[in-house]
file structure-v4.txt (compact mmCIF, N, CA and C atoms)
# COMPACT_ATOMS: atom_id res chain seq x y z
N MET S 186 0.85 -1.17 0.00
CA MET S 186 0.00 0.00 0.00
C MET S 186 0.89 1.23 0.00
N VAL S 187 0.44 2.24 -0.73
CA VAL S 187 1.24 3.45 -0.88
C VAL S 187 0.41 4.69 -0.56
N ASN S 188 1.12 5.77 -0.22
CA ASN S 188 0.44 7.04 0.02
C ASN S 188 0.33 7.80 -1.30
N GLU S 189 -0.15 9.03 -1.23
CA GLU S 189 -0.36 9.82 -2.44
C GLU S 189 0.92 10.11 -3.21
N GLU S 190 2.07 10.08 -2.51
CA GLU S 190 3.35 10.33 -3.16
C GLU S 190 3.97 9.04 -3.72
N GLY S 191 3.31 7.91 -3.50
CA GLY S 191 3.81 6.64 -4.01
C GLY S 191 4.76 5.91 -3.08
N HIS S 192 4.88 6.36 -1.82
CA HIS S 192 5.75 5.71 -0.85
C HIS S 192 4.96 4.71 -0.02
N LEU S 193 5.62 3.63 0.38
CA LEU S 193 4.96 2.63 1.22
C LEU S 193 4.49 3.27 2.53
N VAL S 194 3.32 2.85 3.01
CA VAL S 194 2.79 3.38 4.27
C VAL S 194 3.12 2.43 5.41
N GLU S 195 3.19 2.99 6.61
CA GLU S 195 3.46 2.21 7.81
C GLU S 195 2.23 1.41 8.22
N HIS S 196 2.45 0.38 9.06
CA HIS S 196 1.32 -0.38 9.62
C HIS S 196 0.39 0.59 10.33
N GLY S 197 -0.90 0.40 10.14
CA GLY S 197 -1.90 1.23 10.79
C GLY S 197 -2.26 2.49 10.01
N LYS S 198 -1.46 2.84 9.00
CA LYS S 198 -1.73 4.02 8.17
C LYS S 198 -2.50 3.58 6.93
N ILE S 199 -3.32 4.47 6.42
CA ILE S 199 -4.14 4.16 5.25
C ILE S 199 -3.37 4.47 3.97
N GLY S 200 -3.45 3.53 3.03
CA GLY S 200 -2.82 3.71 1.74
C GLY S 200 -3.64 3.05 0.65
N THR S 201 -3.23 3.27 -0.59
CA THR S 201 -3.91 2.69 -1.75
C THR S 201 -3.27 1.35 -2.10
N ILE S 202 -4.09 0.36 -2.35
CA ILE S 202 -3.58 -0.95 -2.74
C ILE S 202 -3.17 -0.91 -4.21
N GLU S 203 -1.95 -1.39 -4.48
CA GLU S 203 -1.46 -1.54 -5.84
C GLU S 203 -1.02 -2.98 -6.01
N LEU S 204 -1.28 -3.55 -7.18
CA LEU S 204 -0.97 -4.95 -7.44
C LEU S 204 -0.12 -5.11 -8.69
N LYS S 205 0.69 -6.15 -8.69
CA LYS S 205 1.49 -6.47 -9.86
C LYS S 205 1.69 -7.98 -9.89
N GLY S 206 1.57 -8.59 -11.06
CA GLY S 206 1.78 -10.02 -11.19
C GLY S 206 1.08 -10.57 -12.41
N GLU S 207 1.35 -11.83 -12.69
CA GLU S 207 0.75 -12.47 -13.85
C GLU S 207 -0.76 -12.65 -13.70
N ASN S 208 -1.25 -12.61 -12.47
CA ASN S 208 -2.68 -12.79 -12.21
C ASN S 208 -3.48 -11.50 -12.35
N VAL S 209 -2.82 -10.37 -12.59
CA VAL S 209 -3.50 -9.09 -12.73
C VAL S 209 -3.83 -8.88 -14.21
N PHE S 210 -5.03 -8.42 -14.47
CA PHE S 210 -5.45 -8.23 -15.86
C PHE S 210 -4.54 -7.22 -16.55
N SER S 211 -4.52 -7.25 -17.87
CA SER S 211 -3.58 -6.41 -18.63
C SER S 211 -4.17 -5.07 -19.02
N GLY S 212 -5.46 -4.88 -18.84
CA GLY S 212 -6.05 -3.59 -19.17
C GLY S 212 -7.53 -3.70 -19.47
N TYR S 213 -8.14 -2.54 -19.63
CA TYR S 213 -9.57 -2.47 -19.94
C TYR S 213 -9.79 -2.66 -21.44
N TRP S 214 -10.71 -3.54 -21.79
CA TRP S 214 -11.00 -3.87 -23.18
C TRP S 214 -11.42 -2.62 -23.96
N GLY S 215 -10.64 -2.27 -24.98
CA GLY S 215 -10.97 -1.16 -25.86
C GLY S 215 -10.88 0.21 -25.21
N MET S 216 -10.21 0.33 -24.04
CA MET S 216 -10.14 1.60 -23.33
C MET S 216 -8.68 1.90 -22.98
N LYS S 217 -7.93 2.27 -23.99
CA LYS S 217 -6.49 2.49 -23.80
C LYS S 217 -6.20 3.60 -22.79
N GLU S 218 -6.96 4.67 -22.83
CA GLU S 218 -6.71 5.80 -21.94
C GLU S 218 -6.98 5.43 -20.48
N LYS S 219 -8.08 4.71 -20.24
CA LYS S 219 -8.40 4.27 -18.87
C LYS S 219 -7.33 3.28 -18.37
N THR S 220 -6.87 2.41 -19.26
CA THR S 220 -5.81 1.47 -18.89
C THR S 220 -4.55 2.22 -18.52
N LYS S 221 -4.20 3.23 -19.29
CA LYS S 221 -2.99 4.03 -19.01
C LYS S 221 -3.08 4.69 -17.64
N GLU S 222 -4.27 5.19 -17.28
CA GLU S 222 -4.47 5.84 -15.98
C GLU S 222 -4.41 4.84 -14.83
N ALA S 223 -4.81 3.59 -15.09
CA ALA S 223 -4.92 2.59 -14.02
C ALA S 223 -3.61 1.89 -13.71
N PHE S 224 -2.64 1.97 -14.63
CA PHE S 224 -1.36 1.29 -14.42
C PHE S 224 -0.23 2.30 -14.32
N LYS S 225 0.64 2.07 -13.34
CA LYS S 225 1.83 2.91 -13.20
C LYS S 225 2.89 2.46 -14.20
N LYS S 226 3.88 3.29 -14.41
CA LYS S 226 4.94 2.96 -15.36
C LYS S 226 5.70 1.69 -14.99
N ASP S 227 5.75 1.38 -13.68
CA ASP S 227 6.46 0.18 -13.23
C ASP S 227 5.58 -1.08 -13.31
N GLY S 228 4.37 -0.95 -13.88
CA GLY S 228 3.50 -2.10 -14.08
C GLY S 228 2.50 -2.37 -12.98
N PHE S 229 2.53 -1.61 -11.91
CA PHE S 229 1.58 -1.82 -10.82
C PHE S 229 0.20 -1.29 -11.21
N PHE S 230 -0.84 -2.07 -10.89
CA PHE S 230 -2.22 -1.68 -11.11
C PHE S 230 -2.73 -0.97 -9.86
N ILE S 231 -3.28 0.22 -10.04
CA ILE S 231 -3.83 1.02 -8.94
C ILE S 231 -5.29 0.60 -8.76
N THR S 232 -5.58 -0.13 -7.69
CA THR S 232 -6.92 -0.68 -7.51
C THR S 232 -7.97 0.36 -7.13
N GLY S 233 -7.54 1.43 -6.46
CA GLY S 233 -8.48 2.41 -5.95
C GLY S 233 -9.02 2.05 -4.58
N ASP S 234 -8.64 0.88 -4.07
CA ASP S 234 -9.05 0.47 -2.73
C ASP S 234 -8.13 1.06 -1.69
N LEU S 235 -8.70 1.60 -0.62
CA LEU S 235 -7.93 2.14 0.49
C LEU S 235 -7.93 1.12 1.61
N ALA S 236 -6.75 0.89 2.19
CA ALA S 236 -6.65 -0.13 3.23
C ALA S 236 -5.54 0.23 4.20
N LYS S 237 -5.53 -0.51 5.31
CA LYS S 237 -4.44 -0.40 6.28
C LYS S 237 -4.15 -1.80 6.80
N ARG S 238 -2.95 -2.00 7.33
CA ARG S 238 -2.59 -3.29 7.92
C ARG S 238 -2.80 -3.20 9.43
N ASP S 239 -3.38 -4.26 9.98
CA ASP S 239 -3.54 -4.28 11.43
C ASP S 239 -2.27 -4.84 12.07
N GLU S 240 -2.27 -4.96 13.39
CA GLU S 240 -1.08 -5.40 14.12
C GLU S 240 -0.67 -6.83 13.79
N ASP S 241 -1.59 -7.63 13.22
CA ASP S 241 -1.27 -9.00 12.82
C ASP S 241 -0.86 -9.10 11.35
N GLY S 242 -0.84 -7.96 10.65
CA GLY S 242 -0.43 -7.95 9.25
C GLY S 242 -1.56 -8.14 8.26
N TYR S 243 -2.81 -8.27 8.76
CA TYR S 243 -3.95 -8.43 7.86
C TYR S 243 -4.34 -7.10 7.24
N LEU S 244 -4.79 -7.15 5.98
CA LEU S 244 -5.28 -5.95 5.30
C LEU S 244 -6.73 -5.69 5.70
N ILE S 245 -7.02 -4.45 6.03
CA ILE S 245 -8.38 -4.04 6.34
C ILE S 245 -8.76 -2.98 5.32
N ILE S 246 -9.70 -3.29 4.46
CA ILE S 246 -10.14 -2.33 3.46
C ILE S 246 -11.07 -1.34 4.14
N VAL S 247 -10.76 -0.05 3.98
CA VAL S 247 -11.54 0.99 4.66
C VAL S 247 -12.39 1.81 3.69
N GLY S 248 -12.23 1.58 2.40
CA GLY S 248 -13.05 2.31 1.44
C GLY S 248 -12.39 2.38 0.07
N ARG S 249 -12.87 3.29 -0.72
CA ARG S 249 -12.35 3.52 -2.07
C ARG S 249 -11.84 4.95 -2.14
N ASP S 250 -10.81 5.18 -2.93
CA ASP S 250 -10.26 6.54 -3.01
C ASP S 250 -11.26 7.54 -3.55
N LYS S 251 -12.16 7.09 -4.41
CA LYS S 251 -13.17 8.00 -4.95
C LYS S 251 -14.25 8.31 -3.92
N ASP S 252 -14.36 7.47 -2.89
CA ASP S 252 -15.33 7.70 -1.82
C ASP S 252 -14.80 8.66 -0.76
N MET S 253 -13.48 8.86 -0.74
CA MET S 253 -12.87 9.69 0.29
C MET S 253 -13.41 11.12 0.21
N ILE S 254 -13.68 11.69 1.36
CA ILE S 254 -14.17 13.07 1.47
C ILE S 254 -13.01 13.92 1.96
N ILE S 255 -12.76 15.04 1.27
CA ILE S 255 -11.72 15.96 1.72
C ILE S 255 -12.43 17.19 2.30
N SER S 256 -12.34 17.34 3.61
CA SER S 256 -13.02 18.42 4.31
C SER S 256 -12.00 19.26 5.07
N GLY S 257 -11.85 20.49 4.65
CA GLY S 257 -10.90 21.39 5.31
C GLY S 257 -9.48 20.86 5.28
N GLY S 258 -9.12 20.13 4.23
CA GLY S 258 -7.77 19.58 4.10
C GLY S 258 -7.58 18.24 4.77
N LEU S 259 -8.61 17.73 5.43
CA LEU S 259 -8.52 16.42 6.10
C LEU S 259 -9.15 15.35 5.22
N ASN S 260 -8.52 14.18 5.18
CA ASN S 260 -9.09 13.04 4.46
C ASN S 260 -10.04 12.30 5.40
N VAL S 261 -11.29 12.18 4.99
CA VAL S 261 -12.31 11.52 5.79
C VAL S 261 -12.75 10.28 5.02
N TYR S 262 -12.67 9.13 5.67
CA TYR S 262 -13.03 7.86 5.05
C TYR S 262 -14.41 7.44 5.54
N PRO S 263 -15.43 7.52 4.67
CA PRO S 263 -16.80 7.24 5.10
C PRO S 263 -16.98 5.90 5.83
N LYS S 264 -16.33 4.86 5.36
CA LYS S 264 -16.52 3.54 5.98
C LYS S 264 -16.09 3.54 7.43
N GLU S 265 -15.03 4.27 7.78
CA GLU S 265 -14.59 4.30 9.18
C GLU S 265 -15.66 4.95 10.07
N ILE S 266 -16.28 6.00 9.58
CA ILE S 266 -17.33 6.67 10.36
C ILE S 266 -18.57 5.77 10.43
N GLU S 267 -18.94 5.16 9.31
CA GLU S 267 -20.10 4.26 9.30
C GLU S 267 -19.90 3.12 10.29
N ASP S 268 -18.70 2.56 10.34
CA ASP S 268 -18.44 1.46 11.27
C ASP S 268 -18.66 1.87 12.71
N VAL S 269 -18.27 3.09 13.07
CA VAL S 269 -18.46 3.57 14.44
C VAL S 269 -19.95 3.83 14.71
N ILE S 270 -20.61 4.50 13.79
CA ILE S 270 -22.05 4.76 13.98
C ILE S 270 -22.82 3.45 14.13
N ASN S 271 -22.43 2.45 13.33
CA ASN S 271 -23.15 1.17 13.35
C ASN S 271 -22.95 0.40 14.66
N GLU S 272 -21.99 0.83 15.50
CA GLU S 272 -21.80 0.22 16.82
C GLU S 272 -22.85 0.70 17.82
N MET S 273 -23.52 1.81 17.50
CA MET S 273 -24.51 2.35 18.43
C MET S 273 -25.70 1.40 18.58
N PRO S 274 -26.28 1.35 19.78
CA PRO S 274 -27.47 0.53 19.97
C PRO S 274 -28.61 1.02 19.07
N ASN S 275 -29.37 0.11 18.54
CA ASN S 275 -30.56 0.39 17.74
C ASN S 275 -30.27 0.97 16.35
N ILE S 276 -29.02 1.04 15.95
CA ILE S 276 -28.71 1.51 14.60
C ILE S 276 -28.83 0.32 13.66
N LEU S 277 -29.63 0.46 12.62
CA LEU S 277 -29.82 -0.60 11.65
C LEU S 277 -28.81 -0.49 10.51
N GLU S 278 -28.55 0.74 10.08
CA GLU S 278 -27.55 0.99 9.04
C GLU S 278 -27.26 2.48 8.96
N SER S 279 -26.13 2.79 8.32
CA SER S 279 -25.78 4.19 8.12
C SER S 279 -25.02 4.34 6.81
N ALA S 280 -25.04 5.55 6.32
CA ALA S 280 -24.27 5.89 5.11
C ALA S 280 -23.69 7.28 5.33
N VAL S 281 -22.41 7.44 5.00
CA VAL S 281 -21.73 8.73 5.15
C VAL S 281 -21.32 9.19 3.76
N VAL S 282 -21.63 10.44 3.45
CA VAL S 282 -21.32 11.01 2.14
C VAL S 282 -20.77 12.42 2.32
N GLY S 283 -20.17 12.93 1.28
CA GLY S 283 -19.69 14.30 1.28
C GLY S 283 -20.58 15.17 0.41
N ILE S 284 -20.78 16.40 0.85
CA ILE S 284 -21.51 17.38 0.04
C ILE S 284 -20.65 18.63 -0.07
N GLN S 285 -20.89 19.43 -1.07
CA GLN S 285 -20.12 20.66 -1.26
C GLN S 285 -20.31 21.60 -0.08
N HIS S 286 -19.19 22.24 0.30
CA HIS S 286 -19.22 23.22 1.38
C HIS S 286 -18.35 24.40 0.94
N HIS S 287 -18.86 25.61 1.06
CA HIS S 287 -18.14 26.77 0.53
C HIS S 287 -16.85 27.08 1.28
N ASP S 288 -16.72 26.71 2.55
CA ASP S 288 -15.49 26.98 3.30
C ASP S 288 -14.54 25.78 3.33
N PHE S 289 -15.08 24.58 3.48
CA PHE S 289 -14.25 23.40 3.68
C PHE S 289 -14.05 22.54 2.44
N GLY S 290 -14.68 22.90 1.33
CA GLY S 290 -14.60 22.08 0.13
C GLY S 290 -15.70 21.04 0.14
N GLU S 291 -15.69 20.19 1.17
CA GLU S 291 -16.75 19.21 1.35
C GLU S 291 -17.11 19.14 2.83
N ALA S 292 -18.36 18.85 3.11
CA ALA S 292 -18.83 18.60 4.47
C ALA S 292 -19.26 17.15 4.56
N VAL S 293 -19.23 16.60 5.75
CA VAL S 293 -19.58 15.20 5.98
C VAL S 293 -21.02 15.12 6.47
N ILE S 294 -21.80 14.26 5.83
CA ILE S 294 -23.19 14.05 6.19
C ILE S 294 -23.39 12.56 6.48
N ALA S 295 -24.07 12.24 7.55
CA ALA S 295 -24.41 10.85 7.87
C ALA S 295 -25.92 10.68 7.79
N VAL S 296 -26.33 9.62 7.12
CA VAL S 296 -27.74 9.23 7.06
C VAL S 296 -27.85 7.96 7.89
N VAL S 297 -28.77 7.97 8.87
CA VAL S 297 -28.84 6.88 9.83
C VAL S 297 -30.26 6.31 9.87
N VAL S 298 -30.33 4.98 9.88
CA VAL S 298 -31.61 4.28 10.05
C VAL S 298 -31.55 3.61 11.42
N SER S 299 -32.54 3.92 12.26
CA SER S 299 -32.54 3.41 13.63
C SER S 299 -33.92 2.88 13.99
N SER S 300 -33.93 1.86 14.84
CA SER S 300 -35.20 1.37 15.37
C SER S 300 -35.68 2.22 16.53
N ASP S 301 -34.82 3.13 17.01
CA ASP S 301 -35.15 4.04 18.11
C ASP S 301 -35.76 5.31 17.52
N LYS S 302 -37.06 5.44 17.65
CA LYS S 302 -37.77 6.59 17.08
C LYS S 302 -37.41 7.91 17.76
N THR S 303 -36.75 7.85 18.93
CA THR S 303 -36.39 9.07 19.65
C THR S 303 -34.94 9.48 19.40
N LEU S 304 -34.23 8.73 18.56
CA LEU S 304 -32.83 9.05 18.30
C LEU S 304 -32.71 10.46 17.73
N ALA S 305 -31.84 11.25 18.35
CA ALA S 305 -31.62 12.63 17.91
C ALA S 305 -30.20 12.76 17.39
N GLU S 306 -30.00 13.71 16.51
CA GLU S 306 -28.68 13.97 15.91
C GLU S 306 -27.60 14.13 16.97
N ILE S 307 -27.92 14.82 18.05
CA ILE S 307 -26.92 15.07 19.10
C ILE S 307 -26.42 13.78 19.73
N LYS S 308 -27.27 12.75 19.82
CA LYS S 308 -26.84 11.47 20.38
C LYS S 308 -25.78 10.82 19.49
N VAL S 309 -25.97 10.91 18.18
CA VAL S 309 -24.99 10.34 17.25
C VAL S 309 -23.69 11.13 17.33
N LEU S 310 -23.78 12.45 17.35
CA LEU S 310 -22.58 13.29 17.44
C LEU S 310 -21.82 13.03 18.73
N ASP S 311 -22.54 12.93 19.85
CA ASP S 311 -21.90 12.65 21.13
C ASP S 311 -21.19 11.28 21.11
N PHE S 312 -21.84 10.29 20.50
CA PHE S 312 -21.25 8.96 20.40
C PHE S 312 -19.95 9.02 19.58
N LEU S 313 -19.97 9.77 18.50
CA LEU S 313 -18.78 9.88 17.65
C LEU S 313 -17.64 10.60 18.37
N LYS S 314 -17.97 11.57 19.21
CA LYS S 314 -16.94 12.33 19.93
C LYS S 314 -16.15 11.46 20.89
N ILE S 315 -16.78 10.46 21.49
CA ILE S 315 -16.05 9.64 22.46
C ILE S 315 -15.27 8.52 21.79
N ARG S 316 -15.38 8.36 20.52
CA ARG S 316 -14.64 7.33 19.78
C ARG S 316 -13.34 7.88 19.31
call {"tool": "encode", "arguments": {"input": "structure-v4.txt", "output": "C-alpha cells"}}
result
Amino acid sequence: MVNEEGHLVEHGKIGTIELKGENVFSGYWGMKEKTKEAFKKDGFFITGDLAKRDEDGYLIIVGRDKDMIISGGLNVYPKEIEDVINEMPNILESAVVGIQHHDFGEAVIAVVVSSDKTLAEIKVLDFLKIR
C-alpha cells in the first residue's frame, strides 16, 4: 500500500492498494486511456481500494479513493465513520457522504436508520466524539 506520493505506508496508516503479477489483468478492453491511468509505469495496477494493515499484518479495506471526502484539508473515510455509527445501539444501518461546502470544500453528512424513534442527531454526534 502506498500514500499519495507513491511511498509505502506504515502499519496502521491508510494507503492505496497496488498490485502487480501475472494474475493481474492487462487492461480495460478497448479503453487504452483508462488502462494508461490505471497502471503505473512500473506495471503496478492502482486498484483504488484504500486499506491499512492491522497489528497481525492483515489488510483491512476501509473504502475507495473516490469515496474519500476531503473536508478542510482532512481526508475523511466514510466507511470508518459508518463502522463507528453502526456500533450504536438500535442503529440498523448508516451511510456517510460528502456534500459541497463553501469553506471546507466538502462537508460530511451521515444518514442513519434506527429502530429508536427518539434518536436525535446530538446522540450520534456525542457517540462519535467519544470514539
call {"tool": "atom_distance", "arguments": {"input": "structure-v4.txt", "atom1": "atom CA of S:Asp301", "atom2": "atom C of S:Glu265"}}
result
21.1 Å
call {"tool": "select_by_dssp", "arguments": {"input": "structure-v4.txt", "residues": "stretch 188-315 of chain S", "states": "helix (DSSP H, G or I)", "output": "PyMOL selection string"}}
result
chain S and resi 217-223+263-270+306-314
call {"tool": "atom_distance", "arguments": {"input": "structure-v4.txt", "atom1": "atom C of S:Pro263", "atom2": "atom N of S:Glu189"}}
result
18.5 Å
call {"tool": "atom_distance", "arguments": {"input": "structure-v4.txt", "atom1": "atom CA of S:Gly197", "atom2": "atom CA of S:Arg238"}}
result
5.4 Å
call {"tool": "residues_around", "arguments": {"input": "structure-v4.txt", "residues": "stretch 223-228 of chain S", "least_positions_apart": "6", "cutoff": "7 Å", "atoms": "all atoms listed in the file", "output": "list in words"}}
result
Leu204, Lys205 and Gly206 of chain S
call {"tool": "closest_residue", "arguments": {"input": "structure-v4.txt", "among": "S:Ile199, S:Ile266, S:Val297, S:Val309", "to": "S:Ala236", "atoms": "all atoms listed in the file"}}
result
S:Ile199
call {"tool": "closest_residue", "arguments": {"input": "structure-v4.txt", "among": "S:Leu277, S:Asp311, S:Arg316, S:Ile245", "to": "S:Ser299", "atoms": "all atoms listed in the file"}}
result
S:Leu277
call {"tool": "residues_around", "arguments": {"input": "structure-v4.txt", "residues": "S:Met253", "least_positions_apart": "4", "cutoff": "6.5 Å", "atoms": "all atoms listed in the file", "output": "list in words"}}
result
Arg249, Asn260, Val261, Tyr262 and Pro263 of chain S
call {"tool": "select_by_dssp", "arguments": {"input": "structure-v4.txt", "residues": "chain S", "states": "strand (DSSP E)", "output": "JSON, numbers by chain"}}
result
{"S": [200, 201, 202, 203, 204, 230, 231, 232, 233, 234, 235, 236, 237, 238, 244, 245, 246, 247, 248, 249, 254, 255, 256, 259, 260, 261, 276, 277, 278, 279, 280, 281, 282, 283, 284, 285, 286, 290, 291, 292, 293, 294, 295, 296, 297, 298, 299]}
call {"tool": "closest_residue", "arguments": {"input": "structure-v4.txt", "among": "S:Glu203, S:His196, S:Val209, S:Glu218", "to": "S:Phe230", "atoms": "all atoms listed in the file"}}
result
S:Glu203
